[in-house]
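Structure below is work-v2.txt: compact mmCIF, C-alpha atoms.
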# COMPACT_ATOMS: atom_id res chain seq x y z
CA MET A 1 0.00 0.00 0.00
CA LEU A 2 1.15 3.54 -0.79
CA THR A 3 -0.03 6.99 0.31
CA ILE A 4 0.92 10.01 -1.81
CA THR A 5 0.06 13.34 -0.23
CA ASN A 6 0.54 17.09 -0.62
CA ALA A 7 0.16 16.82 -4.40
CA LYS A 8 -1.62 18.95 -6.99
CA ILE A 9 -3.87 16.19 -8.28
CA ILE A 10 -5.08 16.58 -11.86
CA VAL A 11 -8.58 15.16 -12.10
CA PRO A 12 -11.12 15.74 -14.89
CA SER A 13 -11.95 19.46 -15.17
CA ARG A 14 -9.87 20.69 -12.23
CA ILE A 15 -6.74 20.46 -10.10
CA ILE A 16 -7.02 19.48 -6.44
CA GLU A 17 -4.53 21.46 -4.35
CA ASN A 18 -2.70 19.57 -1.57
CA GLY A 19 -4.58 16.34 -2.25
CA THR A 20 -3.91 12.75 -1.22
CA ILE A 21 -4.38 9.39 -2.93
CA TRP A 22 -4.07 5.89 -1.58
CA ILE A 23 -2.93 2.95 -3.70
CA ALA A 24 -3.21 -0.77 -3.02
CA ASP A 25 -2.92 -3.86 -5.23
CA GLY A 26 -2.20 -1.71 -8.28
CA LYS A 27 -5.39 0.37 -7.92
CA ILE A 28 -6.33 3.81 -6.62
CA ILE A 29 -8.45 2.96 -3.60
CA ASP A 30 -9.13 6.41 -2.10
CA LEU A 31 -8.72 10.12 -2.74
CA ALA A 32 -8.92 13.12 -0.42
CA GLU A 33 -8.80 16.87 -1.00
CA HIS A 34 -6.45 17.49 1.92
CA PRO A 35 -2.93 16.42 2.92
CA VAL A 36 -2.25 13.73 5.54
CA GLY A 37 0.70 13.29 7.86
CA GLN A 38 2.92 10.25 8.03
CA GLU A 39 1.07 9.06 11.10
CA GLU A 40 -2.15 8.88 9.04
CA ALA A 41 -0.57 7.06 6.12
CA ARG A 42 -1.57 3.60 5.03
CA GLY A 43 1.57 1.70 4.13
CA GLU A 44 4.42 3.65 2.53
CA TRP A 45 4.09 7.46 2.71
CA LEU A 46 5.32 9.92 0.08
CA ASP A 47 5.21 13.70 0.51
CA ALA A 48 4.90 15.04 -3.04
CA SER A 49 5.88 18.53 -1.83
CA GLY A 50 3.54 20.26 -4.24
CA LEU A 51 4.36 18.26 -7.36
CA TYR A 52 1.61 17.69 -9.91
CA LEU A 53 0.08 14.21 -9.80
CA ALA A 54 -1.47 13.18 -13.12
CA PRO A 55 -2.68 10.02 -14.82
CA GLY A 56 0.13 8.21 -16.60
CA PHE A 57 0.66 9.34 -20.18
CA ILE A 58 -0.74 7.12 -22.96
CA ASP A 59 1.23 7.20 -26.22
CA ILE A 60 -0.78 5.60 -29.03
CA HIS A 61 1.88 6.13 -31.73
CA VAL A 62 5.49 5.29 -30.86
CA HIS A 63 8.12 3.38 -32.87
CA GLY A 64 11.05 3.27 -30.51
CA GLY A 65 13.43 4.93 -28.09
CA GLY A 66 16.61 4.38 -26.15
CA GLY A 67 18.39 3.09 -29.27
CA ALA A 68 15.78 0.41 -30.08
CA ASP A 69 12.89 0.12 -32.54
CA PHE A 70 9.96 -2.28 -32.34
CA MET A 71 10.80 -3.39 -35.89
CA ASP A 72 14.09 -4.80 -34.57
CA ASN A 73 11.83 -7.75 -33.73
CA THR A 74 13.50 -8.71 -30.48
CA VAL A 75 12.16 -9.01 -26.96
CA ASP A 76 15.05 -6.85 -25.76
CA ALA A 77 14.00 -4.03 -28.10
CA PHE A 78 10.46 -3.98 -26.67
CA VAL A 79 11.79 -3.92 -23.12
CA GLN A 80 14.34 -1.20 -23.88
CA ILE A 81 11.69 1.06 -25.40
CA ALA A 82 9.29 0.51 -22.50
CA GLN A 83 11.99 1.28 -19.96
CA THR A 84 13.09 4.39 -21.87
CA HIS A 85 9.70 6.06 -22.21
CA VAL A 86 8.56 5.35 -18.67
CA LYS A 87 11.26 7.79 -17.53
CA TYR A 88 9.34 10.52 -19.33
CA GLY A 89 5.94 9.68 -17.86
CA THR A 90 4.55 7.22 -20.41
CA THR A 91 2.82 4.39 -18.57
CA SER A 92 1.01 2.85 -21.58
CA MET A 93 1.76 2.72 -25.29
CA LEU A 94 0.90 1.17 -28.62
CA PRO A 95 4.05 -0.34 -30.19
CA THR A 96 3.95 0.92 -33.77
CA THR A 97 5.20 -0.76 -36.94
CA LEU A 98 6.44 0.60 -40.27
CA THR A 99 5.72 -0.63 -43.77
CA SER A 100 7.54 -3.92 -44.16
CA GLU A 101 7.63 -7.31 -45.81
CA PRO A 102 4.77 -9.58 -44.66
CA GLU A 103 7.22 -12.02 -43.08
CA GLU A 104 8.68 -9.25 -40.93
CA LEU A 105 5.24 -8.32 -39.61
CA LEU A 106 4.35 -11.92 -38.79
CA GLU A 107 7.62 -12.25 -36.89
CA LEU A 108 6.73 -9.14 -34.90
CA PHE A 109 3.41 -10.66 -33.82
CA ASP A 110 5.25 -13.66 -32.41
CA ILE A 111 7.73 -11.45 -30.56
CA TYR A 112 4.92 -9.33 -29.14
CA GLU A 113 3.13 -12.38 -27.77
CA LYS A 114 6.31 -13.33 -25.92
CA VAL A 115 6.72 -9.80 -24.57
CA LEU A 116 3.22 -9.83 -23.11
CA GLN A 117 4.29 -12.69 -20.84
CA LEU A 118 7.07 -10.57 -19.34
CA LYS A 119 7.20 -7.77 -16.78
CA SER A 120 9.23 -5.10 -18.54
CA GLY A 121 9.66 -2.69 -15.65
CA GLY A 122 8.50 0.08 -17.98
CA SER A 123 5.47 1.26 -19.91
CA ARG A 124 2.63 -1.18 -20.48
CA PHE A 125 1.65 -2.33 -23.98
CA LEU A 126 -2.02 -1.90 -24.91
CA GLY A 127 -1.87 -3.52 -28.35
CA LEU A 128 -0.05 -3.02 -31.62
CA HIS A 129 -0.49 -0.10 -33.98
CA LEU A 130 0.05 -1.24 -37.56
CA GLU A 131 1.14 1.81 -39.55
CA GLY A 132 0.86 0.69 -43.14
CA PRO A 133 1.66 -0.82 -45.54
CA TYR A 134 -1.47 0.51 -47.31
CA PHE A 135 -0.44 4.09 -48.09
CA ALA A 136 -0.48 6.64 -50.90
CA MET A 137 2.96 6.64 -52.48
CA ASN A 138 2.97 10.44 -52.83
CA GLN A 139 2.48 10.82 -49.07
CA ARG A 140 4.88 8.10 -47.93
CA GLY A 141 7.22 10.48 -46.07
CA ALA A 142 9.96 8.31 -44.57
CA GLN A 143 8.02 5.06 -45.12
CA ASP A 144 10.02 2.68 -47.34
CA PRO A 145 8.45 2.74 -50.85
CA ARG A 146 9.54 -0.86 -51.49
CA TYR A 147 6.83 -2.14 -49.19
CA ILE A 148 3.94 0.25 -49.87
CA ARG A 149 0.96 -1.45 -51.52
CA ASN A 150 -2.84 -1.44 -51.80
CA PRO A 151 -5.05 -3.30 -49.32
CA ASP A 152 -5.16 -6.99 -50.16
CA PRO A 153 -7.79 -9.11 -48.38
CA GLY A 154 -5.62 -12.13 -49.06
CA GLU A 155 -3.04 -10.51 -46.81
CA TYR A 156 -4.98 -8.63 -44.13
CA GLU A 157 -7.86 -11.06 -43.53
CA PRO A 158 -5.62 -13.92 -42.28
CA ILE A 159 -3.79 -11.39 -40.09
CA LEU A 160 -7.04 -10.18 -38.57
CA GLU A 161 -8.33 -13.71 -38.06
CA LYS A 162 -5.22 -14.90 -36.26
CA TYR A 163 -3.88 -11.78 -34.55
CA HIS A 164 -6.83 -9.42 -34.02
CA HIS A 165 -6.49 -9.75 -30.24
CA LEU A 166 -2.99 -8.26 -30.46
CA ILE A 167 -3.91 -5.27 -32.66
CA ALA A 168 -5.34 -2.06 -31.17
CA ARG A 169 -5.12 0.14 -34.24
CA TRP A 170 -4.41 0.06 -37.97
CA SER A 171 -3.55 3.13 -40.12
CA ALA A 172 -4.14 3.24 -43.89
CA ALA A 173 -4.93 5.61 -46.77
CA PRO A 174 -8.71 5.45 -47.30
CA GLU A 175 -8.70 6.43 -50.99
CA LEU A 176 -6.80 3.34 -52.15
CA PRO A 177 -8.62 0.58 -54.07
CA GLY A 178 -10.11 -1.77 -51.47
CA ALA A 179 -9.49 0.59 -48.52
CA LEU A 180 -13.17 0.93 -47.60
CA ASP A 181 -13.65 -2.85 -47.39
CA PHE A 182 -10.43 -2.97 -45.40
CA GLY A 183 -11.77 -0.37 -42.96
CA ARG A 184 -15.02 -2.26 -42.47
CA LYS A 185 -13.21 -5.54 -41.80
CA VAL A 186 -10.79 -3.97 -39.29
CA ASP A 187 -13.57 -2.04 -37.54
CA ALA A 188 -15.65 -5.21 -37.24
CA TYR A 189 -12.94 -6.67 -34.99
CA GLY A 190 -13.15 -3.65 -32.67
CA ILE A 191 -9.81 -2.32 -33.89
CA LEU A 192 -9.39 1.45 -34.27
CA VAL A 193 -9.07 2.44 -37.95
CA ALA A 194 -7.07 5.59 -38.75
CA LEU A 195 -6.42 7.45 -41.99
CA ALA A 196 -2.74 8.10 -42.72
CA HIS A 197 -0.22 8.95 -45.46
CA THR A 198 -3.13 9.89 -47.67
CA ASP A 199 -4.07 12.02 -50.67
CA ALA A 200 -7.79 11.56 -49.99
CA ILE A 201 -10.19 14.41 -50.62
CA TYR A 202 -13.39 15.20 -48.75
CA GLU A 203 -15.56 13.14 -51.11
CA GLU A 204 -13.38 10.09 -50.35
CA ILE A 205 -13.12 10.65 -46.60
CA ILE A 206 -16.87 10.86 -46.02
CA PRO A 207 -17.42 7.20 -47.06
CA ALA A 208 -14.24 6.27 -45.18
CA VAL A 209 -15.75 7.57 -41.94
CA ALA A 210 -18.83 5.45 -42.62
CA SER A 211 -16.45 2.48 -43.09
CA GLY A 212 -14.84 2.92 -39.67
CA TYR A 213 -12.04 5.48 -40.05
CA ARG A 214 -12.15 7.61 -36.89
CA LEU A 215 -8.68 9.09 -36.36
CA ALA A 216 -6.19 11.15 -38.38
CA THR A 217 -2.69 9.75 -37.93
CA HIS A 218 -0.07 12.46 -37.19
CA PHE A 219 -2.38 15.20 -38.46
CA TYR A 220 -0.82 17.46 -41.13
CA SER A 221 2.11 15.05 -41.62
CA GLY A 222 1.76 12.71 -44.59
CA MET A 223 -1.53 14.12 -45.85
CA SER A 224 -2.64 16.59 -48.49
CA GLY A 225 -4.39 19.91 -48.17
CA MET A 226 -6.56 21.65 -50.75
CA THR A 227 -5.93 20.25 -54.22
CA ARG A 228 -7.09 20.89 -57.81
CA ARG A 229 -8.58 18.36 -60.18
CA ASN A 230 -9.58 19.54 -63.64
CA ALA A 231 -9.20 23.13 -62.41
CA HIS A 232 -11.71 22.62 -59.58
CA ARG A 233 -10.68 22.96 -55.93
CA TYR A 234 -11.24 20.04 -53.55
CA ALA A 235 -10.82 19.90 -49.80
CA GLY A 236 -7.90 17.65 -48.97
CA ALA A 237 -7.43 15.39 -45.97
CA ILE A 238 -6.39 18.29 -43.74
CA GLU A 239 -9.49 20.40 -44.37
CA SER A 240 -11.69 17.31 -44.20
CA CYS A 241 -10.38 16.30 -40.78
CA PHE A 242 -10.97 19.82 -39.52
CA LEU A 243 -14.52 19.76 -40.82
CA ILE A 244 -15.70 16.24 -39.92
CA ASP A 245 -16.59 15.96 -36.22
CA GLN A 246 -16.38 12.16 -36.19
CA ILE A 247 -12.62 12.32 -36.80
CA ASP A 248 -10.22 12.82 -33.90
CA VAL A 249 -6.73 14.06 -34.71
CA GLU A 250 -3.43 12.99 -33.22
CA ILE A 251 -0.60 15.51 -33.33
CA ILE A 252 3.16 15.26 -32.89
CA ALA A 253 3.47 18.16 -30.45
CA ASP A 254 7.25 18.47 -30.50
CA GLY A 255 7.14 22.06 -31.78
CA VAL A 256 8.96 21.01 -34.97
CA HIS A 257 6.52 18.84 -36.91
CA LEU A 258 3.85 21.39 -36.00
CA PRO A 259 5.07 24.90 -35.12
CA GLU A 260 3.08 27.22 -32.86
CA PRO A 261 0.49 28.54 -35.39
CA PHE A 262 -0.51 25.00 -36.39
CA LEU A 263 -0.88 23.86 -32.78
CA ARG A 264 -3.06 26.87 -31.97
CA LEU A 265 -5.15 26.43 -35.12
CA ILE A 266 -5.78 22.74 -34.47
CA HIS A 267 -6.86 23.44 -30.90
CA LYS A 268 -9.08 26.34 -31.98
CA VAL A 269 -10.91 24.25 -34.58
CA LYS A 270 -11.00 20.72 -33.13
CA GLY A 271 -11.07 21.57 -29.42
CA THR A 272 -9.49 19.79 -26.47
CA ASP A 273 -11.73 16.71 -26.58
CA LYS A 274 -10.81 15.75 -30.17
CA ILE A 275 -6.99 15.99 -29.93
CA ILE A 276 -4.56 13.24 -28.92
CA LEU A 277 -0.88 13.99 -28.36
CA VAL A 278 1.62 11.41 -29.66
CA THR A 279 5.39 11.23 -29.82
CA ASP A 280 5.75 9.20 -33.05
CA ALA A 281 9.17 8.62 -31.50
CA MET A 282 11.79 6.55 -33.31
CA ARG A 283 14.82 4.78 -31.82
CA ALA A 284 16.76 8.01 -31.22
CA ALA A 285 14.32 9.28 -28.58
CA GLY A 286 16.20 9.67 -25.32
CA MET A 287 19.54 9.40 -27.16
CA PRO A 288 22.20 11.94 -28.28
CA GLU A 289 21.74 13.58 -31.67
CA GLY A 290 23.58 12.28 -34.75
CA LYS A 291 23.07 9.41 -37.20
CA SER A 292 20.38 6.84 -36.50
CA ILE A 293 18.16 4.26 -38.20
CA LEU A 294 14.43 4.54 -38.81
CA GLY A 295 12.87 1.08 -38.71
CA SER A 296 14.69 -2.18 -38.16
CA LEU A 297 18.44 -2.40 -37.90
CA LYS A 298 18.44 -4.89 -40.78
CA ARG A 299 16.17 -3.11 -43.27
CA GLY A 300 15.73 0.40 -41.89
CA VAL A 301 16.52 3.78 -43.40
CA GLU A 302 19.47 5.90 -42.29
CA VAL A 303 18.42 9.25 -40.82
CA ILE A 304 20.04 12.26 -39.20
CA VAL A 305 18.85 13.55 -35.83
CA GLU A 306 19.42 17.27 -35.37
CA GLU A 307 17.52 20.26 -34.03
CA GLY A 308 15.32 17.95 -31.99
CA VAL A 309 13.93 15.95 -34.91
CA ALA A 310 14.89 13.06 -37.24
CA LYS A 311 15.36 13.89 -40.95
CA LEU A 312 16.07 11.93 -44.10
CA PRO A 313 19.69 12.46 -45.24
CA ASP A 314 18.55 14.47 -48.29
CA TYR A 315 16.40 16.68 -46.02
CA SER A 316 13.33 15.93 -48.14
CA SER A 317 11.24 14.91 -45.15
CA PHE A 318 11.16 14.49 -41.42
CA ALA A 319 11.74 10.86 -40.44
CA GLY A 320 9.87 10.54 -37.19
CA SER A 321 10.29 12.49 -34.00
CA VAL A 322 12.60 12.05 -31.04
CA ALA A 323 10.01 13.50 -28.67
CA THR A 324 9.11 12.06 -25.29
CA ALA A 325 5.75 12.51 -23.58
CA ASP A 326 6.91 15.22 -21.19
CA ARG A 327 8.04 17.31 -24.18
CA LEU A 328 4.55 17.09 -25.67
CA ILE A 329 2.97 18.58 -22.56
CA ARG A 330 5.69 21.22 -22.28
CA THR A 331 5.22 22.25 -25.91
CA MET A 332 1.45 22.57 -25.68
CA VAL A 333 1.64 24.66 -22.52
CA ASN A 334 4.64 26.87 -23.30
CA LEU A 335 4.40 27.19 -27.09
CA ALA A 336 0.73 26.76 -27.92
CA GLY A 337 -0.62 28.46 -24.79
CA ILE A 338 -2.85 25.52 -23.88
CA SER A 339 -3.73 25.06 -20.20
CA LEU A 340 -1.93 22.30 -18.32
CA LEU A 341 -5.29 20.68 -17.60
CA ASP A 342 -6.15 20.50 -21.32
CA ALA A 343 -2.68 19.33 -22.35
CA VAL A 344 -2.75 16.47 -19.84
CA GLN A 345 -6.23 15.44 -21.01
CA MET A 346 -4.91 15.16 -24.58
CA LEU A 347 -2.31 12.60 -23.45
CA THR A 348 -4.40 10.69 -20.92
CA ALA A 349 -8.21 10.73 -20.94
CA ASN A 350 -8.57 11.31 -24.69
CA PRO A 351 -6.46 8.35 -25.89
CA ALA A 352 -7.97 6.13 -23.19
CA LYS A 353 -11.46 6.95 -24.44
CA LEU A 354 -10.48 6.45 -28.08
CA LEU A 355 -9.02 3.01 -27.32
CA GLY A 356 -11.98 1.96 -25.17
CA VAL A 357 -9.93 1.58 -21.96
CA ALA A 358 -11.21 4.63 -20.07
CA ASP A 359 -12.77 2.35 -17.47
CA ARG A 360 -9.24 1.36 -16.38
CA ILE A 361 -6.83 4.20 -17.15
CA GLY A 362 -6.67 7.82 -18.31
CA THR A 363 -7.97 9.66 -15.23
CA ILE A 364 -7.29 9.77 -11.51
CA ASP A 365 -10.34 8.05 -10.07
CA ILE A 366 -11.05 5.55 -7.31
CA GLY A 367 -10.97 2.04 -8.76
CA LYS A 368 -8.74 2.95 -11.73
CA ASP A 369 -5.31 1.39 -12.31
CA ALA A 370 -2.59 3.21 -10.41
CA ASP A 371 -0.72 4.42 -13.50
CA ILE A 372 0.52 7.74 -12.16
CA VAL A 373 3.14 10.37 -12.93
CA LEU A 374 4.50 13.14 -10.68
CA PHE A 375 6.11 16.19 -12.28
CA ASP A 376 7.13 19.77 -11.44
CA GLU A 377 6.19 23.14 -12.92
CA GLN A 378 8.63 22.63 -15.82
CA ILE A 379 7.09 19.19 -16.58
CA ASN A 380 10.21 17.39 -15.39
CA ILE A 381 9.21 13.87 -14.38
CA HIS A 382 10.03 12.95 -10.77
CA HIS A 383 8.17 9.64 -10.31
CA THR A 384 6.37 7.21 -12.61
CA TYR A 385 4.20 4.43 -11.21
CA VAL A 386 2.78 1.59 -13.30
CA LEU A 387 0.06 -0.39 -11.54
CA GLY A 388 1.25 1.19 -8.29
CA GLU A 389 4.84 0.08 -8.66
CA THR A 390 7.73 2.54 -9.00
CA CYS A 391 9.17 2.29 -12.51
CA TYR A 392 11.10 5.55 -12.42
CA GLN A 393 12.30 7.89 -9.68
CA ARG A 394 14.36 10.97 -10.40
For this file, produce the structure as structure tokens.
Amino acid sequence: MLTITNAKIIVPSRIIENGTIWIADGKIIDLAEHPVGQEEARGEWLDASGLYLAPGFIDIHVHGGGGADFMDNTVDAFVQIAQTHVKYGTTSMLPTTLTSEPEELLELFDIYEKVLQLKSGGSRFLGLHLEGPYFAMNQRGAQDPRYIRNPDPGEYEPILEKYHHLIARWSAAPELPGALDFGRKVDAYGILVALAHTDAIYEEIIPAVASGYRLATHFYSGMSGMTRRNAHRYAGAIESCFLIDQIDVEIIADGVHLPEPFLRLIHKVKGTDKIILVTDAMRAAGMPEGKSILGSLKRGVEVIVEEGVAKLPDYSSFAGSVATADRLIRTMVNLAGISLLDAVQMLTANPAKLLGVADRIGTIDIGKDADIVLFDEQINIHHTYVLGETCYQR
């Protein structure tokens, strides 16, 4: 049992000053709006000394960190990434793939099943995010063009049948031939369908929403804006996602992928409840700048990390971020002028709701899992707890 007191507890819609929570058996069992002394503690007692206490951060789009990438297809890589990001407040994540050969993806499923049997000592895994391989070639960004292809039921249906319980989310371009059938099949398994790396226009996204597409993957990145066809203007994916209320947007809030005006515009139009913050972090997150690899060590693409972001060597595109969850909050508060309460919601309650796990995580409530992060005014992480156990202490 653990008692944490004298904390600024971030709960839905407000911050409790000098509050106290009690944790037992991995759950939050009680909450009070006043501090308690050590003599009143149940079990271990921690004086938070005015630190913020928030739900653990939930990163639904992350490729790697600490020098490892999930596409390395090793148990050690999964553990290394989980242990890296927990230092920055991430208590849950969706391990994210890149476009790859089918054999490489099947190997990853097997590795992931093994990882789920382990206790990593880091962030928890909530299911895989398959990013690709069904993308628009023109919007591939740093995705390897050798593996980009159209949706093929002969490929994805056996994957869904055998591995649906391991998949939380699948991103694809909805305008491709067969992409609407693909969306319906994925959605039927209760898997979140997201539009990504797309040249779709409004008239193509409307039926995609009806087919299950509910999220815009790394909004603005890898998608088109207004376009012309036969001299007529059409709303691109960006304008469509702004306009369609059924679509949530995830944003890489590192201040580089989306500078200040974009962050402010997105918040002004979509509002706090429809935005999810993600790192989209690759293996160089938490590592010194310099050369790195996007994707697997065997088949990945060489990139350069500088100025707080990964870039292709020819500087034609960003190649994933090196952000960590604390940086996302810091950017939204300091650069975009968003309140701390709203920024935290975008990285906790919103992704939990989108993934259908809000009954367990995403807010500080009695009966919820004790996935908790303590940080100071500068959003420096001091403690991270996963299911009530200390996974990081500054």
Closest to Gln246 in chain A among A:Met332, A:Ala179, A:Ala210, A:Ala323, using only C-alpha atoms?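 Of the candidates, the smallest distance to Gln246 in chain A is held by A:Ala210.
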Restricting to all atoms listed in the file, whichever of A:Phe242, A:Phe78, A:Tyr234, A:Tyr220 is closest to Leu118 in chain A is A:Phe78
Could you name the residues that touch Lys119 in chain A at 12 Å or less, counting only C-alpha atoms, but leaving out those on the same chain fewer than 4 positions away, as a compact mmCIF listing (two decimals) with C-alpha atoms, keeping the file's coordinate frame?
# COMPACT_ATOMS: atom_id res chain seq x y z
CA VAL A 75 12.16 -9.01 -26.96
CA ASP A 76 15.05 -6.85 -25.76
CA PHE A 78 10.46 -3.98 -26.67
CA VAL A 79 11.79 -3.92 -23.12
CA ALA A 82 9.29 0.51 -22.50
CA GLN A 83 11.99 1.28 -19.96
CA LYS A 114 6.31 -13.33 -25.92
CA VAL A 115 6.72 -9.80 -24.57
CA SER A 123 5.47 1.26 -19.91
CA ARG A 124 2.63 -1.18 -20.48
CA PHE A 125 1.65 -2.33 -23.98
CA VAL A 386 2.78 1.59 -13.30
CA LEU A 387 0.06 -0.39 -11.54
CA GLU A 389 4.84 0.08 -8.66
CA CYS A 391 9.17 2.29 -12.51
Skipping near chain neighbours, those fewer than 5 positions away, what residues fall within 10 Å of range 134-138 of chain A using all atoms listed in the file, listed as a PyMOL selection string? chain A and resi 99+143-145+147-152+170-179+182+195-200+222-224
Nearest residue to Gln393 in chain A from the set A:Lys87, A:His61, A:His232, A:Lys353 (distances using only C-alpha atoms):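 Among A:Lys87, A:His61, A:His232, A:Lys353, it is A:Lys87 that comes nearest to Gln393 in chain A.
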Under the rule that all atoms listed in the file are counted, which of A:Gly65, A:Tyr88, A:Ser221, A:Arg228 is the nearest residue to Met287 in chain A? A:Gly65
Pick from A:Ala48, A:Val36, A:Ile244, A:Ile266: nearest to Leu374 in chain A, with only C-alpha atoms counted?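 Going through A:Ala48, A:Val36, A:Ile244, A:Ile266 one by one, the smallest distance to Leu374 in chain A is for A:Ala48.
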Taking (-13.4, -1.7, -13.5) in the coordinates of the supplied file, I want to know which residues reach to within 9 Å of it, counting all atoms listed in the file; could you give the answer as a list in words?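 So the residues meeting the distance criterion are Asp359, Arg360, Gly367, Lys368 and Asp369 of chain A.
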Expected file: the selected residues, C-alpha atoms, as a PDB file, in the frame of the given file:
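The new file part-v4.pdb reads:
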ATOM      1  CA  ASP A 359     -12.770   2.350 -17.470  1.00  0.00           C
ATOM      2  CA  ARG A 360      -9.240   1.360 -16.380  1.00  0.00           C
ATOM      3  CA  GLY A 367     -10.970   2.040  -8.760  1.00  0.00           C
ATOM      4  CA  LYS A 368      -8.740   2.950 -11.730  1.00  0.00           C
ATOM      5  CA  ASP A 369      -5.310   1.390 -12.310  1.00  0.00           C
TER       6      ASP A 369
END
With 6 Å on each side, where is the centre of the axis-aligned box around all listed atoms of range 122-132 of chain A, and how long are its edges in Å to one decimal, as AutoDock Vina command-line options?
--center_x 3.2 --center_y -0.9 --center_z -30.6 --size_x 22.5 --size_y 17.3 --size_z 37.2
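You will find CA of Val303 in chain A at 27.3 Å from CA of Leu347 in chain A.
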